[in-house]
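A.B. asks: Contents of data-v9.txt (compact mmCIF, C-alpha atoms):
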# COMPACT_ATOMS: atom_id res chain seq x y z
CA MET G 49 201.68 257.22 63.92
CA LYS G 50 201.86 254.80 60.99
CA ASP G 51 201.62 251.05 61.34
CA THR G 52 202.64 248.39 58.83
CA ILE G 53 202.50 244.61 58.99
CA LEU G 54 205.94 243.21 58.18
CA PHE G 55 205.17 239.50 58.54
CA ASP G 56 201.90 237.60 58.76
CA ASP G 57 202.01 233.82 58.89
CA GLY G 58 200.34 232.40 61.98
CA TYR G 59 201.60 235.39 63.95
CA LYS G 60 202.48 238.95 63.05
CA TRP G 61 205.33 241.43 63.17
CA ILE G 62 203.93 244.96 63.15
CA PHE G 63 205.91 248.16 62.69
CA PHE G 64 204.91 251.47 64.35
CA GLY G 65 206.60 254.77 63.61
CA ARG G 66 206.95 257.78 61.29
CA ASP G 67 204.96 259.82 63.82
CA GLN G 68 204.43 263.14 62.06
CA ASP G 69 202.68 264.60 65.14
CA LYS G 70 205.59 264.04 67.52
CA PRO G 71 207.27 267.07 69.12
CA GLU G 72 209.71 268.48 66.57
CA LYS G 73 212.93 268.21 68.54
CA ILE G 74 212.72 264.57 69.54
CA ILE G 75 214.17 261.84 67.39
CA ASP G 76 211.79 259.66 65.36
CA THR G 77 211.71 256.04 66.54
CA ASN G 78 210.56 252.67 65.22
CA GLN G 79 208.60 250.41 67.52
CA TYR G 80 207.65 246.80 66.81
CA LEU G 81 205.05 244.36 68.08
CA VAL G 82 205.09 240.58 67.73
CA LYS G 83 201.48 239.46 67.96
CA ASP G 84 200.98 235.79 68.71
CA GLY G 85 197.41 235.35 69.93
CA ASN G 86 197.06 236.29 73.57
CA ARG G 87 200.82 236.61 74.08
CA CYS G 88 202.37 239.64 72.47
CA LEU G 89 205.77 241.26 72.73
CA LEU G 90 206.29 245.01 72.41
CA LEU G 91 209.84 245.85 71.31
CA ASP G 92 211.55 249.10 72.32
CA PRO G 93 208.23 250.84 73.11
CA GLY G 94 209.71 254.36 72.97
CA GLY G 95 209.86 257.53 75.01
CA ILE G 96 207.36 259.39 77.19
CA GLU G 97 206.61 261.97 74.49
CA THR G 98 205.35 259.43 71.95
CA PHE G 99 203.60 257.21 74.49
CA SER G 100 199.97 258.23 73.80
CA ALA G 101 200.30 257.87 70.03
CA MET G 102 202.01 254.50 70.50
CA LEU G 103 199.39 253.23 72.94
CA ALA G 104 196.55 254.26 70.61
CA SER G 105 198.27 252.61 67.63
CA VAL G 106 198.84 249.37 69.53
CA THR G 107 195.17 249.13 70.56
CA ARG G 108 194.25 248.95 66.86
CA HIS G 109 195.93 245.56 66.69
CA VAL G 110 195.80 243.92 70.11
CA ARG G 111 193.91 243.90 73.36
CA LEU G 112 196.11 245.51 75.99
CA GLU G 113 195.76 242.50 78.27
CA ASP G 114 197.40 240.39 75.53
CA ILE G 115 200.64 242.38 75.69
CA THR G 116 202.39 240.11 78.15
CA GLU G 117 206.01 240.98 77.33
CA ILE G 118 208.03 244.12 76.66
CA PHE G 119 211.62 244.17 75.39
CA ALA G 120 214.12 246.98 75.82
CA SER G 121 217.32 246.59 73.80
CA HIS G 122 219.10 248.99 76.16
CA GLN G 123 218.49 251.85 78.59
CA ASP G 124 218.20 254.92 76.35
CA PRO G 125 215.28 257.34 76.92
CA ASP G 126 214.00 256.99 73.34
CA ILE G 127 213.83 253.22 73.94
CA ILE G 128 212.16 252.92 77.32
CA SER G 129 211.60 256.23 79.16
CA SER G 130 207.86 255.50 78.76
CA LEU G 131 208.25 252.56 81.17
CA GLY G 132 206.62 254.40 84.08
CA LEU G 133 203.48 254.86 81.96
CA TRP G 134 203.45 251.29 80.57
CA ASP G 135 203.85 250.22 84.20
CA LYS G 136 200.46 251.80 84.90
CA ALA G 137 198.86 250.74 81.60
CA LEU G 138 200.13 247.13 81.56
CA PRO G 139 200.83 246.14 85.17
CA HIS G 140 200.70 242.41 84.31
CA THR G 141 203.58 242.58 81.83
CA ARG G 142 207.20 241.38 82.05
CA LEU G 143 210.08 243.55 80.84
CA HIS G 144 212.99 241.72 79.20
CA ALA G 145 216.00 244.00 79.28
CA PRO G 146 219.76 243.78 79.90
CA TRP G 147 220.52 242.56 83.44
CA LEU G 148 223.26 245.15 83.50
CA TRP G 149 220.82 248.04 83.25
CA GLU G 150 218.19 246.93 85.76
CA GLY G 151 219.09 249.42 88.49
CA PHE G 152 219.19 252.21 85.91
CA ILE G 153 216.06 251.37 83.93
CA ARG G 154 214.06 251.13 87.15
CA HIS G 155 214.59 254.89 87.51
CA PHE G 156 211.94 255.28 84.78
CA GLY G 157 209.39 253.68 87.14
CA CYS G 158 208.83 249.93 87.33
CA ASN G 159 206.62 249.07 90.30
CA ASN G 160 204.18 246.60 88.74
CA ILE G 161 205.99 245.22 85.70
CA GLN G 162 208.32 242.30 86.42
CA TYR G 163 211.91 242.95 85.29
CA VAL G 164 213.50 239.91 83.66
CA GLY G 165 217.22 240.52 83.23
CA ILE G 166 218.70 239.10 80.02
CA PRO G 167 222.05 237.43 80.77
CA ASP G 168 225.20 238.49 78.90
CA GLU G 169 225.10 235.49 76.57
CA GLY G 170 221.48 236.26 75.53
CA SER G 171 218.38 234.12 76.01
CA GLU G 172 215.16 232.98 74.37
CA LEU G 173 211.53 233.91 74.74
CA VAL G 174 208.70 231.69 73.53
CA LEU G 175 205.30 233.30 73.03
CA ASN G 176 202.50 230.87 72.10
CA LYS G 177 204.23 229.37 69.08
CA THR G 178 206.80 232.00 68.29
CA LYS G 179 210.39 231.55 69.39
CA LEU G 180 212.42 234.72 69.69
CA VAL G 181 216.11 234.92 70.52
CA PHE G 182 217.73 237.82 72.37
CA ILE G 183 221.08 238.16 70.58
CA PRO G 184 223.96 239.93 72.35
CA ALA G 185 224.98 243.25 70.80
CA HIS G 186 227.04 244.60 73.66
CA TYR G 187 228.68 248.00 73.13
CA LEU G 188 226.48 248.60 70.06
CA HIS G 189 226.08 251.11 71.42
CA ALA G 190 225.25 250.44 75.10
CA SER G 191 227.46 248.29 77.31
CA GLY G 192 224.58 245.86 77.82
CA ASN G 193 222.63 245.59 74.55
CA TYR G 194 220.54 242.96 72.70
CA HIS G 195 218.76 242.47 69.40
CA VAL G 196 215.81 240.18 68.70
CA TYR G 197 215.93 237.44 66.08
CA ASP G 198 213.02 235.42 64.75
CA ALA G 199 214.26 232.44 62.69
CA LYS G 200 210.83 231.69 61.17
CA ALA G 201 210.02 235.23 60.06
CA LYS G 202 213.75 235.78 59.31
CA ILE G 203 213.56 239.18 60.96
CA LEU G 204 216.34 240.71 63.02
CA MET G 205 215.27 243.69 65.12
CA SER G 206 218.64 245.40 65.29
CA GLY G 207 218.21 248.28 67.75
CA ASP G 208 220.52 251.16 66.93
CA VAL G 209 222.54 249.11 64.43
CA GLY G 210 221.40 250.09 60.95
CA ALA G 211 219.79 253.24 62.29
CA ALA G 212 219.57 256.40 60.21
CA LEU G 213 218.39 259.85 61.19
CA GLU G 214 215.74 260.93 58.72
CA PRO G 215 212.55 263.02 58.93
CA PRO G 216 209.31 261.18 59.86
CA GLU G 217 207.96 261.50 56.31
CA SER G 218 210.78 259.31 54.90
CA GLY G 219 210.10 255.87 53.42
CA MET G 220 209.72 252.60 55.29
CA PHE G 221 212.33 250.52 53.45
CA VAL G 222 215.81 251.15 52.07
CA GLU G 223 215.44 251.67 48.34
CA ASP G 224 218.87 252.93 47.32
CA PHE G 225 221.47 251.42 49.66
CA LYS G 226 224.36 253.60 48.49
CA ALA G 227 222.38 256.81 48.97
CA HIS G 228 221.16 255.56 52.34
CA THR G 229 224.71 255.17 53.68
CA GLU G 230 224.92 258.96 53.79
CA ASN G 231 222.20 258.96 56.44
CA MET G 232 223.91 256.23 58.45
CA THR G 233 227.62 256.99 58.37
CA LEU G 234 227.96 259.62 61.08
CA PHE G 235 225.43 257.87 63.31
CA HIS G 236 227.41 254.63 63.30
CA GLN G 237 230.84 256.27 63.47
CA ARG G 238 229.89 258.33 66.51
CA TRP G 239 227.37 256.22 68.46
CA MET G 240 229.14 252.88 68.01
CA PRO G 241 232.23 252.97 70.23
CA SER G 242 234.17 249.81 69.37
CA ASN G 243 235.41 248.16 66.17
CA GLU G 244 236.04 244.97 68.17
CA ALA G 245 232.41 244.86 69.38
CA LYS G 246 231.20 245.67 65.87
CA ASN G 247 233.16 242.81 64.27
CA ASP G 248 232.10 240.38 66.99
CA TRP G 249 228.43 241.24 66.28
CA ILE G 250 228.89 241.00 62.49
CA ALA G 251 230.41 237.51 62.83
CA ARG G 252 227.41 236.43 64.93
CA VAL G 253 224.81 237.95 62.63
CA ARG G 254 226.34 236.59 59.40
CA LYS G 255 225.41 233.10 60.63
CA LEU G 256 221.71 234.04 60.76
CA ASP G 257 219.25 233.71 57.90
CA ILE G 258 217.81 237.24 57.64
CA ASP G 259 215.21 238.58 55.20
CA MET G 260 214.60 241.81 57.05
CA MET G 261 216.78 243.87 59.37
CA ALA G 262 214.64 246.30 61.34
CA PRO G 263 216.44 249.08 63.23
CA GLN G 264 215.02 251.40 65.88
CA HIS G 265 215.45 254.52 63.72
CA GLY G 266 215.14 254.96 59.98
CA ARG G 267 214.46 252.52 57.20
CA ILE G 268 214.20 248.73 57.24
CA PHE G 269 216.68 246.65 55.17
CA LYS G 270 215.29 243.88 52.98
CA GLY G 271 216.88 240.99 51.06
CA ASP G 272 220.35 241.68 49.67
CA ASP G 273 220.51 245.05 51.44
CA VAL G 274 221.01 243.15 54.73
CA LYS G 275 224.28 241.68 53.43
CA ARG G 276 225.21 245.03 51.87
CA PHE G 277 224.75 246.61 55.28
CA LEU G 278 226.94 244.03 57.03
CA ASP G 279 229.72 244.55 54.46
CA TRP G 280 229.43 248.34 54.74
CA PHE G 281 229.43 248.25 58.56
CA GLU G 282 232.44 245.92 58.60
CA ALA G 283 234.45 248.37 56.54
CA LEU G 284 233.41 251.38 58.63
CA ASP G 285 235.77 252.71 61.29
CA VAL G 286 233.71 253.50 64.40
CA GLY G 287 234.37 255.27 67.71
CA ILE G 288 235.61 258.39 65.93
CA ALA G 289 235.13 260.94 68.73
CA ILE G 290 238.35 259.91 70.54
CA LYS G 291 240.32 259.84 67.30
CA LYS G 292 239.05 263.34 66.47
CA LEU G 293 240.16 264.56 69.88
CA ASP G 294 243.60 263.04 69.32
CA GLU G 295 243.82 264.71 65.92
CA ALA G 296 242.83 268.03 67.44
CA LYS G 297 245.51 267.66 70.13
CA ALA G 298 248.16 266.80 67.52
CA ALA G 299 247.23 269.83 65.44
CA MET X 211 196.56 238.25 83.89
CA GLU X 212 194.70 238.44 87.19
CA LYS X 213 196.73 241.56 87.86
CA TYR X 214 195.32 243.11 84.65
CA ASN X 215 191.73 242.12 85.32
CA THR X 216 191.67 243.57 88.81
CA TYR X 217 193.37 246.89 88.19
CA LYS X 218 191.68 250.19 87.44
CA ARG X 219 192.57 251.38 83.96
CA PRO X 220 194.21 254.84 84.09
CA PHE X 221 192.29 257.48 82.15
CA PHE X 222 195.11 258.02 79.62
CA VAL X 223 194.80 254.32 78.66
CA SER X 224 191.03 254.59 78.13
CA ALA X 225 191.40 257.71 75.96
CA ALA X 226 194.09 256.07 73.81
CA THR X 227 191.93 252.94 73.52
CA VAL X 228 189.05 255.11 72.26
CA ALA X 229 191.37 256.50 69.55
CA GLY X 230 192.39 252.95 68.60
CA ASN X 231 188.80 251.63 68.53
CA LEU X 232 187.65 254.40 66.22
CA VAL X 233 189.82 253.10 63.40
CA SER X 234 187.25 250.33 62.87
CA VAL X 235 184.48 252.98 62.72
CA MET X 236 186.43 254.62 59.91
CA HIS X 237 186.45 251.34 57.95
CA ILE X 238 182.69 250.92 58.47
CA ALA X 239 182.01 254.52 57.39
CA LYS X 240 183.96 253.78 54.19
CA GLU X 241 181.70 250.76 53.67
CA ILE X 242 178.65 253.04 54.01
CA SER X 243 180.02 255.35 51.31
CA LEU X 244 180.65 252.36 49.10
CA ALA X 245 177.09 251.12 49.70
CA ALA X 246 175.80 254.59 48.71
CA LYS X 247 177.76 254.49 45.44
CA ASN X 248 176.43 251.04 44.74
CA ALA X 249 172.87 252.22 45.46
CA LYS X 250 173.33 255.21 43.14
CA ALA X 251 174.36 252.91 40.31
CA ILE X 252 171.32 250.66 40.88
CA ALA X 253 168.97 253.66 41.15
CA GLU X 254 170.41 254.97 37.90
CA ARG X 255 169.67 251.70 36.15
CA ALA X 256 166.20 251.54 37.70
CA GLY X 257 165.30 254.95 36.25
CA GLU X 258 161.83 256.16 37.22
CA LYS X 259 161.17 253.08 39.31
CA ALA X 260 163.73 254.32 41.86
CA ASN X 261 162.67 257.97 41.89
CA GLY X 262 162.01 257.86 45.63
CA PHE X 263 165.23 256.02 46.40
CA ARG X 264 167.64 258.26 44.50
CA PRO X 265 167.68 261.26 46.91
CA ILE X 266 168.23 258.84 49.78
CA THR X 267 171.46 257.60 48.20
CA ASP X 268 172.83 261.16 48.26
CA TYR X 269 172.01 261.35 51.93
CA ILE X 270 173.70 258.01 52.69
CA ASP X 271 176.79 259.11 50.76
CA GLU X 272 176.94 262.39 52.66
CA MET X 273 176.48 260.59 55.96
CA GLY X 274 179.39 258.25 55.19
CA TYR X 275 181.68 261.22 54.49
CA GLU X 276 180.47 263.13 57.55
CA THR X 277 181.03 260.10 59.75
CA MET X 278 184.58 259.72 58.40
CA SER X 279 185.37 263.37 59.05
CA LEU X 280 183.80 263.19 62.52
CA VAL X 281 185.81 260.06 63.33
CA ASN X 282 188.97 261.85 62.21
CA ALA X 283 188.18 264.71 64.57
CA ILE X 284 187.36 262.35 67.45
CA ASN X 285 190.51 260.35 66.84
CA LYS X 286 192.62 263.51 67.12
CA GLU X 287 190.69 264.64 70.18
CA ALA X 288 191.02 261.25 71.93
CA LEU X 289 194.76 261.23 71.30
CA GLU X 290 195.01 264.77 72.61
CA VAL X 291 192.98 263.86 75.70
CA SER X 292 195.31 260.91 76.30
CA ARG X 293 198.34 263.22 76.00
CA ILE X 294 196.83 265.74 78.41
CA ALA X 295 195.98 262.93 80.83
CA VAL X 296 199.62 261.78 80.72
CA ASN X 297 200.73 265.37 81.38
CA GLU X 298 198.30 265.62 84.27
CA LEU X 299 199.64 262.38 85.71
CA ARG X 300 203.21 263.65 85.43
CA ALA X 301 202.24 266.99 87.02
CA LYS X 302 200.59 265.08 89.85
CA GLU X 303 203.75 263.04 90.37
CA VAL X 304 205.89 266.20 90.44
CA TYR X 305 203.56 267.75 93.01
CA GLN X 306 203.60 264.63 95.20
CA LYS X 307 207.41 264.31 95.00
CA LEU X 308 207.78 267.96 96.02
CA LEU X 309 205.50 267.35 99.01
CA SER X 310 207.68 264.36 99.96
CA ALA X 311 210.77 266.57 99.65
CA LYS X 312 209.09 269.04 102.00
CA ASP X 313 208.53 266.21 104.50
CA TYR X 314 212.20 265.27 104.26
CA ILE X 315 213.22 268.84 105.02
CA GLY X 316 211.03 268.88 108.14
CA GLU X 317 210.93 272.25 109.86
CA ASP X 318 212.14 275.51 108.31
CA VAL X 319 211.13 274.72 104.75
CA PRO X 320 212.86 277.29 102.48
CA VAL X 321 210.61 279.81 100.75
CA SER X 322 211.99 278.62 97.39
CA VAL X 323 210.65 275.08 98.04
CA GLU X 324 207.27 276.41 99.15
CA LYS X 325 207.17 278.45 95.94
CA LEU X 326 207.95 275.36 93.86
CA ILE X 327 205.15 273.44 95.57
CA GLN X 328 202.75 276.31 94.97
CA GLU X 329 203.69 276.47 91.28
CA ALA X 330 203.41 272.69 90.91
CA SER X 331 199.97 272.79 92.49
CA GLU X 332 198.86 275.54 90.09
CA ARG X 333 200.22 273.61 87.09
CA LEU X 334 198.40 270.51 88.22
CA SER X 335 195.13 272.48 88.51
CA GLU X 336 195.65 273.87 85.00
CA HIS X 337 196.19 270.39 83.59
CA THR X 338 193.13 269.07 85.43
CA ILE X 339 190.93 271.87 84.08
CA GLU X 340 192.28 271.36 80.55
CA LEU X 341 191.66 267.64 80.83
CA GLU X 342 188.07 268.09 82.00
CA LYS X 343 187.38 270.50 79.12
CA ASP X 344 188.84 268.18 76.50
CA LYS X 345 187.13 265.18 78.00
CA ALA X 346 183.77 266.98 77.73
CA ARG X 347 184.54 267.86 74.10
CA LEU X 348 185.38 264.23 73.34
CA ILE X 349 182.15 262.98 74.93
CA HIS X 350 180.22 265.60 72.93
CA LEU X 351 181.80 264.42 69.66
CA LEU X 352 180.93 260.81 70.46
CA GLU X 353 177.35 261.93 71.09
CA GLU X 354 177.32 263.60 67.65
CA ILE X 355 178.20 260.31 65.97
CA LYS X 356 175.43 258.57 67.87
CA ASN X 357 172.96 261.23 66.68
CA GLN X 358 174.11 260.66 63.15
CA MET X 359 173.56 256.94 63.53
CA ARG X 360 170.03 257.53 64.87
CA ALA X 361 169.29 259.56 61.74
CA SER X 362 170.80 256.78 59.69
CA ALA X 363 168.42 254.25 61.23
CA VAL X 364 165.46 256.42 60.15
CA ILE X 365 166.89 256.72 56.66
CA SER X 366 167.41 253.00 56.27
CA THR X 367 163.75 252.46 57.26
CA CYS X 368 162.63 255.02 54.64
CA SER X 369 164.89 253.47 52.03
CA ARG X 370 163.38 250.06 52.69
CA VAL X 371 159.92 251.49 52.01
CA GLU X 372 161.12 253.24 48.86
CA ALA X 373 162.84 250.07 47.68
CA THR X 374 159.48 248.27 47.58
CA GLN X 375 158.46 250.63 44.74
CA ALA X 376 161.45 249.73 42.61
CA GLU X 377 159.94 246.52 41.18
CA GLU X 378 162.70 244.21 39.84
CA TYR X 379 165.34 246.37 41.58
CA GLU X 380 163.70 245.96 44.97
CA THR X 381 165.95 243.12 46.19
CA SER X 382 169.19 244.96 45.30
CA LEU X 383 168.01 248.15 46.99
CA GLN X 384 166.81 246.24 50.04
CA VAL X 385 170.33 244.80 50.40
CA VAL X 386 171.76 248.34 50.32
CA SER X 387 169.29 249.45 53.02
CA GLU X 388 170.18 246.47 55.18
CA ASN X 389 173.91 247.11 54.76
CA VAL X 390 173.53 250.72 55.84
CA ASP X 391 171.39 249.66 58.80
CA ALA X 392 173.91 247.00 59.87
CA ALA X 393 176.83 249.46 59.51
CA SER X 394 175.03 252.07 61.63
CA LYS X 395 174.34 249.49 64.34
CA LYS X 396 177.98 248.40 64.35
CA ILE X 397 179.16 252.02 64.64
CA THR X 398 176.70 252.70 67.48
CA MET X 399 177.95 249.62 69.33
CA ILE X 400 181.61 250.69 69.05
CA VAL X 401 180.80 254.26 70.09
CA ASN X 402 178.81 252.96 73.09
CA ASP X 403 181.87 250.92 74.09
CA CYS X 404 183.98 254.09 73.81
CA ASP X 405 181.43 255.90 76.02
CA ASP X 406 181.64 253.09 78.58
CA LEU X 407 185.44 253.31 78.61
CA LEU X 408 185.28 257.04 79.38
CA ALA X 409 182.37 256.76 81.81
CA HIS X 410 184.39 254.63 84.22
CA HIS X 411 186.51 257.61 85.24
Output the structure of this file as structure tokens.
C.D. replies:
Amino acid sequence: MKDTILFDDGYKWIFFGRDQDKPEKIIDTNQYLVKDGNRCLLLDPGGIETFSAMLASVTRHVRLEDITEIFASHQDPDIISSLGLWDKALPHTRLHAPWLWEGFIRHFGCNNIQYVGIPDEGSELVLNKTKLVFIPAHYLHASGNYHVYDAKAKILMSGDVGAALEPPESGMFVEDFKAHTENMTLFHQRWMPSNEAKNDWIARVRKLDIDMMAPQHGRIFKGDDVKRFLDWFEALDVGIAIKKLDEAKAA
Amino acid sequence: MEKYNTYKRPFFVSAATVAGNLVSVMHIAKEISLAAKNAKAIAERAGEKANGFRPITDYIDEMGYETMSLVNAINKEALEVSRIAVNELRAKEVYQKLLSAKDYIGEDVPVSVEKLIQEASERLSEHTIELEKDKARLIHLLEEIKNQMRASAVISTCSRVEATQAEEYETSLQVVSENVDAASKKITMIVNDCDDLLAHH
């Protein structure tokens, strides 16, 4: 599993992913770590199948006892099905995840880790000096869903928004935005169910100062590509499965 | 934090930590190779005065490469051991859940459930055997690195002696010898820590 430092100024944002040794049929995922001394946050730590590689990669950067917080943007297996194993590896940790999904996420195994439900309106988490904001992204795509914003690093960890399905050997950053839209279109049209939710999120995110938008799959957006993405997403009609069914019925 | 300090680390965590720790050994092994290249250049300049030192530089260079390739192998093995340990843990959980299901059923447990329990028990044994084998292989590989570092300590002593013959190049060659010695000690310390991590299971 590769690791790359995205931000390093008093604290670090570290990317983990592009795992070329993962089982072939599971989707590639991006994991992130905010390292602020002895208080670190692991974001969307991933599924059971990639757990060992992820754990080994994390130990290159931090002592396990310093991982005091875990964040799960929503309840999907590729996000947090490894919880039962982290629960044994990091029993002292707190899990910040949507309040709505608590009873569901606990099915993955959460006997030691403390579940901290994020309220609908979002909340904040302060590590030693780092302030992180859990931004609501409900229905994008899960009914209870959050992203993480860091105003100092100007990084938005955007969960499934901005995701693209590409092989693990693909690049880290978006280099040709137009070409990249081909890898994103179907994902967003099908997984994102609501134009109303999409536009609500875009309005919220446009107010943020973002240098880097880091999704849970695929490449990271930098600089002007963040705005390009927001414009592209705004123009995209999502929730297409129902419309396709309607079209099929009409035909 | 007290919760972390008092709990027993699962084996899959220790194995993954070994894989993570070995990354720093890789960096040190690269430093050894660099020191060897540096020594070669000095020995070249020193000409006949470094006749005794020159063959040692080849050895140091080779040792750096061998250490890197060994660390690569250990890293893969440690990751594999961690994966197998996770699989064993999951197999154990399946087996225990099936036993609980049997308790729920009470009397007249269907043959199909008994068969499932039997299969789960066999799978668990297979995973346990596989884990023990891989664990032994990992410990053996760590031992190999330690052997290499013992040889390296001997070489750095020899190179120090040879450096004394190199007249005005002595100081530069002594620095190389010391760097190799320090790198070997660092690697041995990290590998001992890895050993300790695995020994607690």
A.B. asks: Pull out every residue of chain X sitting within 12 Å of chain G, counting all atoms listed in the file, and send them as an mmCIF file with C-alpha atoms, in the coordinates of the input.
C.D. replies:
data_model
loop_
_atom_site.group_PDB
_atom_site.id
_atom_site.type_symbol
_atom_site.label_atom_id
_atom_site.label_comp_id
_atom_site.auth_asym_id
_atom_site.auth_seq_id
_atom_site.Cartn_x
_atom_site.Cartn_y
_atom_site.Cartn_z
ATOM 1 C CA MET X 211 196.560 238.250 83.890
ATOM 2 C CA GLU X 212 194.700 238.440 87.190
ATOM 3 C CA LYS X 213 196.730 241.560 87.860
ATOM 4 C CA TYR X 214 195.320 243.110 84.650
ATOM 5 C CA ASN X 215 191.730 242.120 85.320
ATOM 6 C CA THR X 216 191.670 243.570 88.810
ATOM 7 C CA TYR X 217 193.370 246.890 88.190
ATOM 8 C CA LYS X 218 191.680 250.190 87.440
ATOM 9 C CA ARG X 219 192.570 251.380 83.960
ATOM 10 C CA PRO X 220 194.210 254.840 84.090
ATOM 11 C CA PHE X 221 192.290 257.480 82.150
ATOM 12 C CA PHE X 222 195.110 258.020 79.620
ATOM 13 C CA VAL X 223 194.800 254.320 78.660
ATOM 14 C CA SER X 224 191.030 254.590 78.130
ATOM 15 C CA ALA X 225 191.400 257.710 75.960
ATOM 16 C CA ALA X 226 194.090 256.070 73.810
ATOM 17 C CA THR X 227 191.930 252.940 73.520
ATOM 18 C CA VAL X 228 189.050 255.110 72.260
ATOM 19 C CA ALA X 229 191.370 256.500 69.550
ATOM 20 C CA GLY X 230 192.390 252.950 68.600
ATOM 21 C CA ASN X 231 188.800 251.630 68.530
ATOM 22 C CA LEU X 232 187.650 254.400 66.220
ATOM 23 C CA VAL X 233 189.820 253.100 63.400
ATOM 24 C CA SER X 234 187.250 250.330 62.870
ATOM 25 C CA VAL X 235 184.480 252.980 62.720
ATOM 26 C CA MET X 236 186.430 254.620 59.910
ATOM 27 C CA ASN X 285 190.510 260.350 66.840
ATOM 28 C CA LYS X 286 192.620 263.510 67.120
ATOM 29 C CA GLU X 287 190.690 264.640 70.180
ATOM 30 C CA ALA X 288 191.020 261.250 71.930
ATOM 31 C CA LEU X 289 194.760 261.230 71.300
ATOM 32 C CA GLU X 290 195.010 264.770 72.610
ATOM 33 C CA VAL X 291 192.980 263.860 75.700
ATOM 34 C CA SER X 292 195.310 260.910 76.300
ATOM 35 C CA ARG X 293 198.340 263.220 76.000
ATOM 36 C CA ILE X 294 196.830 265.740 78.410
ATOM 37 C CA ALA X 295 195.980 262.930 80.830
ATOM 38 C CA VAL X 296 199.620 261.780 80.720
ATOM 39 C CA ASN X 297 200.730 265.370 81.380
ATOM 40 C CA LEU X 299 199.640 262.380 85.710
ATOM 41 C CA ARG X 300 203.210 263.650 85.430
ATOM 42 C CA GLU X 303 203.750 263.040 90.370
#
A.B. asks: When you look at Ile252 of chain X with a cut-off of 10 Å (counting all atoms listed in the file), what residues show up, excluding the ones that are within fewer than 2 positions of it in the same chain? I need them as a list in words.
C.D. replies: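 Skipping anything fewer than 2 positions along the chain leaves Ala246, Lys247, Asn248, Ala249, Lys250, Glu254, Arg255, Ala256, Gly257, Ala260, Phe263, Arg264, Tyr379, Glu380, Ser382, Leu383 and Val386 of chain X.
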A.B. asks: Fewer than 3 positions away in the same chain doesn't count, so skip those; otherwise give me all residues within 9 Å of Leu91 of chain G, counting all atoms listed in the file, as a list in words.
C.D. replies: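 The neighbour list is Gln79, Tyr80, Leu81, Val82, Gly94, Glu117, Ile118, Phe119, Ala120, Ser121, Ile127, Val196 and Met205 of chain G.
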A.B. asks: For C-alpha atoms, I'd like the residues from the last selection saved as a PDB file, in the frame of the given file.
C.D. replies:
ATOM      1  CA  GLN G  79     208.600 250.410  67.520  1.00  0.00           C
ATOM      2  CA  TYR G  80     207.650 246.800  66.810  1.00  0.00           C
ATOM      3  CA  LEU G  81     205.050 244.360  68.080  1.00  0.00           C
ATOM      4  CA  VAL G  82     205.090 240.580  67.730  1.00  0.00           C
ATOM      5  CA  GLY G  94     209.710 254.360  72.970  1.00  0.00           C
ATOM      6  CA  GLU G 117     206.010 240.980  77.330  1.00  0.00           C
ATOM      7  CA  ILE G 118     208.030 244.120  76.660  1.00  0.00           C
ATOM      8  CA  PHE G 119     211.620 244.170  75.390  1.00  0.00           C
ATOM      9  CA  ALA G 120     214.120 246.980  75.820  1.00  0.00           C
ATOM     10  CA  SER G 121     217.320 246.590  73.800  1.00  0.00           C
ATOM     11  CA  ILE G 127     213.830 253.220  73.940  1.00  0.00           C
ATOM     12  CA  VAL G 196     215.810 240.180  68.700  1.00  0.00           C
ATOM     13  CA  MET G 205     215.270 243.690  65.120  1.00  0.00           C
TER      14      MET G 205
END
A.B. asks: Can you pull out every residue within 7 Å of His195 of chain G, counting all atoms listed in the file, but drop anything in the same chain fewer than 6 positions away, and send it as a count of residues only?
C.D. replies: 8
A.B. asks: Using only C-alpha atoms, can you tell me which of X:Leu334, X:Val401, X:Glu324, X:Val304 comes closest to Leu352 of chain X?
C.D. replies: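 Closest to Leu352 of chain X of all the choices is X:Val401.
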A.B. asks: Between atom CA of Ile75 of chain G and atom CA of Gly95 of chain G, what is the distance in Å, rounded to a tenth?
C.D. replies: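 Between atom CA of Ile75 of chain G and atom CA of Gly95 of chain G the gap is 9.8 Å.
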A.B. asks: Figure out the distance between atom CA of Trp239 of chain G and atom CA of Phe221 of chain G, please, to one decimal in Å.
C.D. replies: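 Between atom CA of Phe221 of chain G and atom CA of Trp239 of chain G the gap works out to 22.0 Å.
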A.B. asks: Rounded to one decimal, what separation in Å do you get between atom CA of Leu408 of chain X and atom CA of Asn159 of chain G?
C.D. replies: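 Answer for the atom CA of Leu408 of chain X to atom CA of Asn159 of chain G separation: 25.3 Å.
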A.B. asks: Neighbouring residues of Asn402 of chain X were defined as those with any atom within 9 Å, considering only C-alpha atoms; residues of the same chain fewer than 4 positions away were excluded. Please report them as a VMD selection string.
C.D. replies: chain X and resid 352 356 397 to 398 406 to 407
A.B. asks: Quick one: residues within 9 Å of Ser242 of chain G, all atoms listed in the file counted, chain neighbours fewer than 4 positions away excluded, as a ChimeraX atom specification?
C.D. replies: /G:187-189,246-247,285-287
A.B. asks: Go through G:Ile268, G:Ile115, G:Leu90, G:Ile258 and flag the residue nearest Ala199 of chain G, using all atoms listed in the file for the distances.
C.D. replies: G:Ile258
A.B. asks: Counting only C-alpha atoms, which of G:Leu131, G:Asn176, G:Lys50, G:Tyr163 gets nearest to Ser218 of chain G?
C.D. replies: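 Of G:Leu131, G:Asn176, G:Lys50, G:Tyr163, the one nearest Ser218 of chain G, counting only C-alpha atoms, is G:Lys50.
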